[in-house]
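These notes are about the structure you will find just below.
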Amino acid sequence: QFGSSQIDDELLARFEKLTGKKPHHFLRRGIFFSHRDMHTALNLYEQGKPFYLYTGRGPSSDAMHLGHLISFMFCKWLQDVFDVPLVIQLTDDEKVLWKDLEIEDAIKLAYENAKDIIACGFNIDKTFIFSNLEHIGNNPEFYKNMIRIQKRVTFNQVKGIFGFGDSDPVGKISFPPTQAAPALSTTFPFIFKGAKVQCLIPCGIDQDPYFRMTRDIAPKLGIPKPALLHSIFFPALQGSKTKMSASDTNSAIFLTDTPKQIKNKVNKHAFSGGQATVEEHRKIGGNCEIDTSYQWLRFFLEDDDKLETLRK
């Protein structure tokens, strides 16, 4: 939809041919399922030219949940495979505008979330993690790019893309360019020294509108359009049609939960694909499409054969 392409066997084969690595199980299993211009990033890699990764997190809770890990786990793999820089934006400013949060509290949450992100094991020489509230004021190039983007997006456009209403705070309306700016390499002169480098953004499909807007603007600023990789939502405990949310503690497994808490949550709240009676279940088996435990294993169990055995 909206001009994105399915991640197909041809793209996966090209991935493997260029990198010499088997594609990540997120790619093989359709967890990252669609892309914009991924071939461009692969062309650059083939030619020995640079690109960089960009992802982010809106820190709304003091611990991240399993669903938040997906983009970071994937970025870690991409960084290892392609040996590229990664920038991670913590949008604590966004959370102040959208939630009932004071600035100081949002920054604190950003620091807490940064610990979870760092634990993914990124290359410390090639990874820059920053809080918007603390960093932007110290980086004039960031602010200049925000203004360049703000100047080129009309109120009608952001209203159309994000559904803002007349009673929304003006900060919400001007926020999208803040999330767009890191997709322009000139935002980070201390990393890219002013070079115009292609950006690749792995993100949840719900973030696509931000970057469609960015892709429209980047060429007007003489910068390559960022390429995108889109993932499906990580299902909540309540089942595959729901999205895990930090605001509903019973829908989520947090990275700070103890093994005992995790066990209790799964046993108590995880949606089962089992049949109504034991007899029925023995006869026709469970429905893996809707079974939360199985769906989670698709994300976290790397061994394809083992997963298939469990499915059967």
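Ordering of the structure tokens sets the chain letters (A, B, ...); residue numbers start at 1 within each chain; ligands are numbered from 1 in the order shown.
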Tell me, as number ranges by chain, which residues lie within 12 Å of Val96 (chain A), counting only C-alpha atoms; anything in the same chain fewer than 5 positions away does not count.
A: 58-60, 91, 101-110, 132-133, 169, 171-172, 175
Take the residues just selected and output them with C-alpha atoms as a CSV table (one decimal), in the first residue's frame.
chain,number,residue,atom,x,y,z
A,58,GLY,CA,9.2,7.2,22.3
A,59,PRO,CA,9.9,6.7,26.0
A,60,SER,CA,6.5,6.5,27.7
A,91,THR,CA,11.5,11.2,21.4
A,101,LEU,CA,4.3,14.1,31.4
A,102,GLU,CA,6.7,16.8,32.6
A,103,ILE,CA,9.9,17.5,30.7
A,104,GLU,CA,12.1,16.3,33.5
A,105,ASP,CA,10.2,13.0,33.8
A,106,ALA,CA,10.3,12.4,30.1
A,107,ILE,CA,14.1,12.8,30.1
A,108,LYS,CA,14.3,10.3,33.0
A,109,LEU,CA,12.3,7.8,31.1
A,110,ALA,CA,14.5,8.3,28.0
A,132,ASN,CA,15.7,15.1,21.7
A,133,LEU,CA,15.2,17.3,24.7
A,169,PRO,CA,-1.4,21.7,20.8
A,171,GLY,CA,3.7,21.4,19.4
A,172,LYS,CA,2.1,18.2,18.0
A,175,PHE,CA,6.6,17.5,15.8
When you look at Ala227 (chain A) with a cut-off of 10 Å (counting only C-alpha atoms), what residues show up, excluding the ones that are within fewer than 5 positions of it in the same chain? I need them as a ChimeraX atom specification.
/A:35-41,51,53,183,198-202,211-212,215
For the residues in the current selection, export all heavy atoms as a short mmCIF file (atom, residue, chain, number, x, y, z; two decimals), in the first residue's frame.
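Written out: result_23.cif:
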data_model
loop_
_atom_site.label_atom_id
_atom_site.label_comp_id
_atom_site.auth_asym_id
_atom_site.auth_seq_id
_atom_site.Cartn_x
_atom_site.Cartn_y
_atom_site.Cartn_z
N HIS A 35 8.88 -3.00 2.15
CA HIS A 35 10.02 -2.08 2.10
C HIS A 35 9.77 -0.97 1.08
O HIS A 35 8.91 -1.08 0.21
CB HIS A 35 11.31 -2.84 1.74
CG HIS A 35 11.40 -3.25 0.29
ND1 HIS A 35 12.08 -2.52 -0.65
CD2 HIS A 35 10.88 -4.30 -0.38
CE1 HIS A 35 11.99 -3.11 -1.83
NE2 HIS A 35 11.25 -4.20 -1.70
N ARG A 36 10.53 0.08 1.23
CA ARG A 36 10.64 1.12 0.21
C ARG A 36 12.12 1.29 -0.09
O ARG A 36 12.90 1.61 0.81
CB ARG A 36 10.11 2.47 0.72
CG ARG A 36 8.62 2.46 1.05
CD ARG A 36 8.19 3.83 1.58
NE ARG A 36 6.83 3.80 2.06
CZ ARG A 36 5.76 3.92 1.28
NH1 ARG A 36 5.89 4.08 -0.01
NH2 ARG A 36 4.54 3.88 1.80
N ASP A 37 12.50 1.03 -1.32
CA ASP A 37 13.88 1.28 -1.79
C ASP A 37 14.97 0.49 -1.07
O ASP A 37 16.11 0.94 -0.99
CB ASP A 37 14.23 2.79 -1.68
CG ASP A 37 13.44 3.63 -2.66
OD1 ASP A 37 12.89 3.06 -3.62
OD2 ASP A 37 13.38 4.86 -2.48
N MET A 38 14.65 -0.70 -0.57
CA MET A 38 15.72 -1.51 0.04
C MET A 38 16.79 -1.86 -0.99
O MET A 38 17.97 -1.98 -0.66
CB MET A 38 15.11 -2.78 0.65
CG MET A 38 16.10 -3.62 1.42
SD MET A 38 16.89 -2.73 2.79
CE MET A 38 18.41 -3.64 2.95
N HIS A 39 16.38 -2.00 -2.25
CA HIS A 39 17.36 -2.31 -3.30
C HIS A 39 18.42 -1.22 -3.42
O HIS A 39 19.58 -1.49 -3.71
CB HIS A 39 16.67 -2.54 -4.65
CG HIS A 39 16.03 -3.90 -4.77
ND1 HIS A 39 16.77 -5.06 -4.84
CD2 HIS A 39 14.73 -4.29 -4.79
CE1 HIS A 39 15.96 -6.11 -4.92
NE2 HIS A 39 14.72 -5.67 -4.88
N THR A 40 18.00 0.03 -3.16
CA THR A 40 18.95 1.15 -3.22
C THR A 40 20.05 0.97 -2.18
O THR A 40 21.24 1.16 -2.47
CB THR A 40 18.22 2.49 -2.96
OG1 THR A 40 17.08 2.54 -3.82
CG2 THR A 40 19.09 3.68 -3.23
N ALA A 41 19.67 0.61 -0.96
CA ALA A 41 20.66 0.38 0.10
C ALA A 41 21.58 -0.78 -0.27
O ALA A 41 22.80 -0.71 -0.06
CB ALA A 41 19.95 0.11 1.43
N PHE A 51 25.85 3.57 3.84
CA PHE A 51 24.51 4.02 4.25
C PHE A 51 24.49 3.91 5.77
O PHE A 51 25.45 3.44 6.38
CB PHE A 51 23.38 3.20 3.59
CG PHE A 51 23.26 1.76 4.00
CD1 PHE A 51 22.52 1.38 5.11
CD2 PHE A 51 23.87 0.75 3.25
CE1 PHE A 51 22.39 0.04 5.48
CE2 PHE A 51 23.77 -0.60 3.62
CZ PHE A 51 23.02 -0.94 4.73
N LEU A 53 21.82 3.44 9.50
CA LEU A 53 20.54 3.01 10.04
C LEU A 53 20.00 4.07 10.99
O LEU A 53 20.76 4.73 11.68
CB LEU A 53 20.71 1.70 10.82
CG LEU A 53 21.16 0.47 10.03
CD1 LEU A 53 21.69 -0.60 10.99
CD2 LEU A 53 20.02 -0.09 9.19
N ALA A 183 16.69 11.33 9.56
CA ALA A 183 16.79 10.58 8.29
C ALA A 183 17.62 11.34 7.26
O ALA A 183 17.86 10.84 6.16
CB ALA A 183 15.39 10.30 7.74
N GLN A 198 22.85 7.91 2.34
CA GLN A 198 21.56 7.21 2.33
C GLN A 198 21.23 6.68 3.73
O GLN A 198 22.09 6.14 4.42
CB GLN A 198 21.64 6.05 1.35
CG GLN A 198 20.46 5.08 1.39
CD GLN A 198 19.28 5.57 0.60
OE1 GLN A 198 19.43 6.08 -0.50
NE2 GLN A 198 18.09 5.41 1.15
N CYS A 199 19.98 6.81 4.12
CA CYS A 199 19.51 6.32 5.41
C CYS A 199 18.56 5.13 5.20
O CYS A 199 17.79 5.10 4.23
CB CYS A 199 18.76 7.45 6.12
SG CYS A 199 18.04 6.98 7.70
N LEU A 200 18.63 4.13 6.07
CA LEU A 200 17.72 2.99 6.05
C LEU A 200 17.04 2.92 7.42
O LEU A 200 17.70 2.90 8.45
CB LEU A 200 18.48 1.69 5.77
CG LEU A 200 17.70 0.38 5.94
CD1 LEU A 200 16.52 0.30 4.97
CD2 LEU A 200 18.61 -0.84 5.75
N ILE A 201 15.70 2.88 7.39
CA ILE A 201 14.92 2.95 8.64
C ILE A 201 14.08 1.69 8.82
O ILE A 201 13.07 1.51 8.14
CB ILE A 201 13.98 4.18 8.61
CG1 ILE A 201 14.76 5.46 8.31
CG2 ILE A 201 13.21 4.30 9.92
CD1 ILE A 201 13.89 6.67 8.02
N PRO A 202 14.46 0.80 9.74
CA PRO A 202 13.57 -0.31 10.09
C PRO A 202 12.57 0.21 11.14
O PRO A 202 12.97 0.80 12.13
CB PRO A 202 14.51 -1.35 10.73
CG PRO A 202 15.91 -0.83 10.51
CD PRO A 202 15.78 0.65 10.37
N PHE A 211 7.63 8.89 7.57
CA PHE A 211 8.76 8.80 6.65
C PHE A 211 8.33 8.92 5.19
O PHE A 211 9.14 9.24 4.33
CB PHE A 211 9.56 7.53 6.95
CG PHE A 211 10.09 7.56 8.36
CD1 PHE A 211 9.73 6.61 9.30
CD2 PHE A 211 10.93 8.60 8.78
CE1 PHE A 211 10.20 6.66 10.61
CE2 PHE A 211 11.41 8.67 10.08
CZ PHE A 211 11.04 7.70 10.99
N ARG A 212 7.04 8.73 4.92
CA ARG A 212 6.54 9.08 3.57
C ARG A 212 6.72 10.57 3.38
O ARG A 212 7.15 11.04 2.33
CB ARG A 212 5.06 8.71 3.43
CG ARG A 212 4.82 7.25 3.22
CD ARG A 212 3.65 6.98 2.27
NE ARG A 212 2.41 7.63 2.66
CZ ARG A 212 1.61 7.20 3.63
NH1 ARG A 212 1.93 6.14 4.34
NH2 ARG A 212 0.49 7.82 3.90
N ARG A 215 10.35 11.27 2.84
CA ARG A 215 10.79 10.86 1.50
C ARG A 215 10.38 11.89 0.44
O ARG A 215 11.07 12.07 -0.56
CB ARG A 215 10.22 9.47 1.16
CG ARG A 215 10.98 8.34 1.84
CD ARG A 215 10.23 7.02 1.73
NE ARG A 215 9.91 6.66 0.36
CZ ARG A 215 10.74 6.07 -0.48
NH1 ARG A 215 11.96 5.74 -0.08
NH2 ARG A 215 10.37 5.78 -1.71
#
Pick out the residues sitting within 9 Å of Ile217 (chain A), and hand them over as a PyMOL selection string; count only C-alpha atoms, and ignore anything fewer than 5 positions along from it in its own chain.
chain A and resi 149+152-153+212+223+225
Could you pull out the residues in region 131-266 of chain A that DSSP calls strand (DSSP E) from the backbone, as number ranges by chain?
A: 131, 198-204, 227-231, 235-236, 239-243
Saved selection, atoms kept: all heavy atoms, as a tab-separated table (two decimals), in the first residue's frame:
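To be explicit, this is the file written out as part_11.tsv:
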chain	number	residue	atom	x	y	z
A	131	SER	N	18.68	11.83	23.39
A	131	SER	CA	17.38	12.35	23.81
A	131	SER	C	17.16	13.67	23.06
A	131	SER	O	18.04	14.53	23.06
A	131	SER	CB	17.42	12.61	25.33
A	131	SER	OG	16.88	13.88	25.65
A	198	GLN	N	22.85	7.91	2.34
A	198	GLN	CA	21.56	7.21	2.33
A	198	GLN	C	21.23	6.68	3.73
A	198	GLN	O	22.09	6.14	4.42
A	198	GLN	CB	21.64	6.05	1.35
A	198	GLN	CG	20.46	5.08	1.39
A	198	GLN	CD	19.28	5.57	0.60
A	198	GLN	OE1	19.43	6.08	-0.50
A	198	GLN	NE2	18.09	5.41	1.15
A	199	CYS	N	19.98	6.81	4.12
A	199	CYS	CA	19.51	6.32	5.41
A	199	CYS	C	18.56	5.13	5.20
A	199	CYS	O	17.79	5.10	4.23
A	199	CYS	CB	18.76	7.45	6.12
A	199	CYS	SG	18.04	6.98	7.70
A	200	LEU	N	18.63	4.13	6.07
A	200	LEU	CA	17.72	2.99	6.05
A	200	LEU	C	17.04	2.92	7.42
A	200	LEU	O	17.70	2.90	8.45
A	200	LEU	CB	18.48	1.69	5.77
A	200	LEU	CG	17.70	0.38	5.94
A	200	LEU	CD1	16.52	0.30	4.97
A	200	LEU	CD2	18.61	-0.84	5.75
A	201	ILE	N	15.70	2.88	7.39
A	201	ILE	CA	14.92	2.95	8.64
A	201	ILE	C	14.08	1.69	8.82
A	201	ILE	O	13.07	1.51	8.14
A	201	ILE	CB	13.98	4.18	8.61
A	201	ILE	CG1	14.76	5.46	8.31
A	201	ILE	CG2	13.21	4.30	9.92
A	201	ILE	CD1	13.89	6.67	8.02
A	202	PRO	N	14.46	0.80	9.74
A	202	PRO	CA	13.57	-0.31	10.09
A	202	PRO	C	12.57	0.21	11.14
A	202	PRO	O	12.97	0.80	12.13
A	202	PRO	CB	14.51	-1.35	10.73
A	202	PRO	CG	15.91	-0.83	10.51
A	202	PRO	CD	15.78	0.65	10.37
A	203	CYS	N	11.28	0.01	10.90
A	203	CYS	CA	10.29	0.56	11.84
A	203	CYS	C	8.98	-0.23	11.75
A	203	CYS	O	8.76	-0.97	10.80
A	203	CYS	CB	10.03	2.04	11.54
A	203	CYS	SG	9.39	2.37	9.87
A	204	GLY	N	8.13	-0.02	12.75
A	204	GLY	CA	6.79	-0.59	12.71
A	204	GLY	C	6.01	0.08	11.58
A	204	GLY	O	6.24	1.25	11.27
A	227	ALA	N	15.39	4.89	2.80
A	227	ALA	CA	14.76	3.59	2.51
A	227	ALA	C	14.12	3.08	3.79
A	227	ALA	O	14.55	3.44	4.89
A	227	ALA	CB	15.82	2.61	2.01
A	228	LEU	N	13.07	2.27	3.65
A	228	LEU	CA	12.33	1.79	4.83
A	228	LEU	C	12.16	0.27	4.81
A	228	LEU	O	12.02	-0.32	3.73
A	228	LEU	CB	10.93	2.41	4.88
A	228	LEU	CG	10.79	3.93	4.95
A	228	LEU	CD1	9.33	4.32	4.90
A	228	LEU	CD2	11.42	4.47	6.21
A	229	LEU	N	12.16	-0.31	5.99
A	229	LEU	CA	11.76	-1.71	6.18
A	229	LEU	C	10.65	-1.72	7.22
A	229	LEU	O	10.85	-1.21	8.33
A	229	LEU	CB	12.94	-2.56	6.66
A	229	LEU	CG	14.06	-2.83	5.65
A	229	LEU	CD1	15.30	-3.37	6.35
A	229	LEU	CD2	13.59	-3.83	4.59
A	230	HIS	N	9.50	-2.28	6.89
A	230	HIS	CA	8.33	-2.22	7.79
A	230	HIS	C	8.10	-3.57	8.48
A	230	HIS	O	8.09	-4.61	7.83
A	230	HIS	CB	7.05	-1.92	7.00
A	230	HIS	CG	7.09	-0.66	6.22
A	230	HIS	ND1	6.89	-0.62	4.86
A	230	HIS	CD2	7.29	0.61	6.62
A	230	HIS	CE1	6.97	0.65	4.45
A	230	HIS	NE2	7.21	1.40	5.50
A	231	SER	N	7.81	-3.49	9.79
A	231	SER	CA	7.47	-4.73	10.50
A	231	SER	C	5.99	-4.74	10.89
A	231	SER	O	5.36	-3.69	11.01
A	231	SER	CB	8.31	-4.87	11.77
A	231	SER	OG	7.90	-3.92	12.74
A	235	PRO	N	2.26	-9.08	18.73
A	235	PRO	CA	0.94	-9.26	19.34
A	235	PRO	C	0.97	-9.16	20.87
A	235	PRO	O	1.92	-9.62	21.51
A	235	PRO	CB	0.52	-10.66	18.90
A	235	PRO	CG	1.75	-11.33	18.44
A	235	PRO	CD	2.75	-10.28	18.06
A	236	ALA	N	-0.08	-8.58	21.42
A	236	ALA	CA	-0.23	-8.53	22.87
A	236	ALA	C	-0.58	-9.92	23.39
A	236	ALA	O	-0.90	-10.82	22.62
A	236	ALA	CB	-1.35	-7.55	23.24
A	239	GLY	N	-3.77	-11.64	22.12
A	239	GLY	CA	-3.96	-12.27	20.82
A	239	GLY	C	-3.41	-11.47	19.66
A	239	GLY	O	-3.07	-10.31	19.79
A	240	SER	N	-3.35	-12.14	18.51
A	240	SER	CA	-2.62	-11.60	17.36
A	240	SER	C	-3.32	-10.40	16.71
A	240	SER	O	-2.72	-9.71	15.90
A	240	SER	CB	-2.41	-12.70	16.32
A	240	SER	OG	-3.66	-13.26	15.97
A	241	LYS	N	-4.55	-10.15	17.08
A	241	LYS	CA	-5.23	-9.00	16.48
A	241	LYS	C	-5.01	-7.72	17.31
A	241	LYS	O	-5.50	-6.66	16.99
A	241	LYS	CB	-6.75	-9.25	16.34
A	241	LYS	CG	-7.08	-10.40	15.41
A	241	LYS	CD	-6.88	-10.02	13.94
A	241	LYS	CE	-7.02	-11.21	13.02
A	241	LYS	NZ	-5.76	-11.98	12.85
A	242	THR	N	-4.26	-7.88	18.42
A	242	THR	CA	-4.03	-6.73	19.29
A	242	THR	C	-2.55	-6.36	19.26
A	242	THR	O	-1.71	-7.16	18.86
A	242	THR	CB	-4.44	-7.06	20.74
A	242	THR	OG1	-3.71	-8.23	21.15
A	242	THR	CG2	-5.92	-7.33	20.86
A	243	LYS	N	-2.25	-5.15	19.70
A	243	LYS	CA	-0.86	-4.68	19.70
A	243	LYS	C	-0.41	-4.52	21.15
A	243	LYS	O	-1.14	-3.96	21.96
A	243	LYS	CB	-0.78	-3.32	18.99
A	243	LYS	CG	0.61	-2.69	18.99
A	243	LYS	CD	0.54	-1.28	18.41
A	243	LYS	CE	1.87	-0.57	18.62
A	243	LYS	NZ	1.84	0.84	18.19
Nearby residues (only C-alpha atoms) at most 12 Å from Ile70 (chain A), same-chain spacing under 4 positions excluded, as a PyMOL selection string
chain A and resi 24-27+31-32+55-57+64-66+74-77+117+120+202-204+230-235+244+296+298-300
May I have the residues from that selection written out with N, CA, C and O atoms, as a compact mmCIF listing (two decimals), in the first residue's frame?
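Done, and the output landed in out_29.txt:
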# COMPACT_ATOMS: atom_id res chain seq x y z
N HIS A 24 17.91 -12.71 8.18
CA HIS A 24 17.40 -12.81 9.55
C HIS A 24 16.03 -13.47 9.56
O HIS A 24 15.25 -13.32 8.62
N HIS A 25 15.71 -14.18 10.63
CA HIS A 25 14.41 -14.87 10.67
C HIS A 25 13.23 -13.89 10.61
O HIS A 25 12.15 -14.25 10.19
N PHE A 26 13.44 -12.64 11.00
CA PHE A 26 12.37 -11.64 10.84
C PHE A 26 12.04 -11.45 9.36
O PHE A 26 10.89 -11.19 9.00
N LEU A 27 13.05 -11.55 8.51
CA LEU A 27 12.83 -11.40 7.07
C LEU A 27 12.25 -12.68 6.48
O LEU A 27 11.31 -12.65 5.69
N ILE A 31 8.06 -11.07 9.25
CA ILE A 31 7.84 -10.15 10.37
C ILE A 31 8.19 -8.73 9.90
O ILE A 31 7.46 -7.78 10.15
N PHE A 32 9.33 -8.60 9.20
CA PHE A 32 9.55 -7.41 8.37
C PHE A 32 9.07 -7.82 6.98
O PHE A 32 9.64 -8.72 6.37
N THR A 55 16.67 4.41 13.82
CA THR A 55 15.45 3.94 14.46
C THR A 55 15.23 4.77 15.72
O THR A 55 16.03 5.65 16.03
N GLY A 56 14.14 4.51 16.43
CA GLY A 56 13.88 5.35 17.60
C GLY A 56 12.91 4.69 18.56
O GLY A 56 12.42 3.59 18.35
N ARG A 57 12.66 5.46 19.61
CA ARG A 57 11.76 4.98 20.66
C ARG A 57 11.14 6.19 21.37
O ARG A 57 11.85 7.14 21.71
N MET A 64 10.88 -0.91 28.78
CA MET A 64 10.35 -1.26 27.47
C MET A 64 9.73 -2.66 27.54
O MET A 64 10.05 -3.44 28.42
N HIS A 65 8.83 -2.95 26.59
CA HIS A 65 8.27 -4.31 26.54
C HIS A 65 8.82 -5.06 25.32
O HIS A 65 9.54 -4.49 24.51
N LEU A 66 8.47 -6.34 25.22
CA LEU A 66 9.03 -7.19 24.17
C LEU A 66 8.80 -6.61 22.77
O LEU A 66 9.66 -6.70 21.90
N PHE A 74 16.53 -6.13 15.24
CA PHE A 74 16.78 -6.18 13.80
C PHE A 74 17.90 -5.21 13.41
O PHE A 74 18.75 -5.54 12.59
N CYS A 75 17.89 -4.02 14.02
CA CYS A 75 18.96 -3.04 13.74
C CYS A 75 20.32 -3.59 14.15
O CYS A 75 21.33 -3.36 13.47
N LYS A 76 20.35 -4.30 15.27
CA LYS A 76 21.60 -4.90 15.75
C LYS A 76 22.13 -5.87 14.68
O LYS A 76 23.32 -5.86 14.35
N TRP A 77 21.24 -6.68 14.14
CA TRP A 77 21.64 -7.65 13.11
C TRP A 77 22.12 -6.92 11.85
O TRP A 77 23.17 -7.25 11.29
N ILE A 117 17.96 -0.39 25.57
CA ILE A 117 18.41 -0.37 24.17
C ILE A 117 19.90 -0.75 24.10
O ILE A 117 20.30 -1.57 23.26
N CYS A 120 20.98 -4.36 24.00
CA CYS A 120 20.88 -5.15 22.75
C CYS A 120 22.26 -5.43 22.16
O CYS A 120 22.40 -6.26 21.28
N PRO A 202 14.46 0.80 9.74
CA PRO A 202 13.57 -0.31 10.09
C PRO A 202 12.57 0.21 11.14
O PRO A 202 12.97 0.80 12.13
N CYS A 203 11.28 0.01 10.90
CA CYS A 203 10.29 0.56 11.84
C CYS A 203 8.98 -0.23 11.75
O CYS A 203 8.76 -0.97 10.80
N GLY A 204 8.13 -0.02 12.75
CA GLY A 204 6.79 -0.59 12.71
C GLY A 204 6.01 0.08 11.58
O GLY A 204 6.24 1.25 11.27
N HIS A 230 9.50 -2.28 6.89
CA HIS A 230 8.33 -2.22 7.79
C HIS A 230 8.10 -3.57 8.48
O HIS A 230 8.09 -4.61 7.83
N SER A 231 7.81 -3.49 9.79
CA SER A 231 7.47 -4.73 10.50
C SER A 231 5.99 -4.74 10.89
O SER A 231 5.36 -3.69 11.01
N ILE A 232 5.48 -5.95 11.08
CA ILE A 232 4.14 -6.12 11.64
C ILE A 232 4.19 -5.77 13.12
O ILE A 232 5.26 -5.63 13.70
N PHE A 233 3.03 -5.66 13.76
CA PHE A 233 2.98 -5.42 15.20
C PHE A 233 3.30 -6.70 15.97
O PHE A 233 2.97 -7.80 15.53
N PHE A 234 3.91 -6.51 17.12
CA PHE A 234 4.14 -7.64 18.02
C PHE A 234 2.85 -7.87 18.80
O PHE A 234 2.35 -6.95 19.45
N PRO A 235 2.26 -9.08 18.73
CA PRO A 235 0.94 -9.26 19.34
C PRO A 235 0.97 -9.16 20.87
O PRO A 235 1.92 -9.62 21.51
N MET A 244 0.78 -5.04 21.47
CA MET A 244 1.27 -4.93 22.84
C MET A 244 1.45 -3.45 23.20
O MET A 244 2.01 -2.68 22.43
N TRP A 296 4.61 -15.60 19.40
CA TRP A 296 5.82 -15.02 20.01
C TRP A 296 7.06 -15.82 19.62
O TRP A 296 8.13 -15.26 19.40
N ARG A 298 7.56 -17.23 16.87
CA ARG A 298 7.95 -16.81 15.51
C ARG A 298 8.93 -15.64 15.57
O ARG A 298 9.79 -15.48 14.71
N PHE A 299 8.77 -14.79 16.59
CA PHE A 299 9.67 -13.64 16.74
C PHE A 299 11.00 -14.03 17.39
O PHE A 299 12.04 -13.51 17.03
N PHE A 300 10.94 -14.92 18.39
CA PHE A 300 12.12 -15.12 19.23
C PHE A 300 12.85 -16.45 19.05
O PHE A 300 13.97 -16.59 19.53
What gap, in Å, lies between CA of Met73 (chain A) and CA of Asp257 (chain A)?
18.7 Å
For Ala252 (chain A), the nearest of the candidates A:Lys115, A:Arg14, A:Lys22, A:His269, counting only C-alpha atoms
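Of A:Lys115, A:Arg14, A:Lys22, A:His269, the one nearest Ala252 (chain A), counting only C-alpha atoms, is A:His269.
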Nearest candidate to Gly67 (chain A) (options A:Gln207, A:Ser245, A:Asn267, A:Ser174; using only C-alpha atoms):
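When distances to Gly67 (chain A) are compared using only C-alpha atoms, the smallest one comes from A:Ser245.
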Determine which residues of region 45-275 of chain A DSSP labels as helix (DSSP H, G or I) from the backbone of this structure, then write them out as a ChimeraX atom specification.
/A:45-46,66-82,92-98,103-118,132-138,140-152,155-162,170-173,176-183,185-187,189-192,205-221,249-251,259-269
Could you pull the residues within 9 Å of Asp8 (chain A), counting only C-alpha atoms, minus those fewer than 4 positions along the same chain, as an MDAnalysis selection string?
chainID A and resid 12:13 33:34
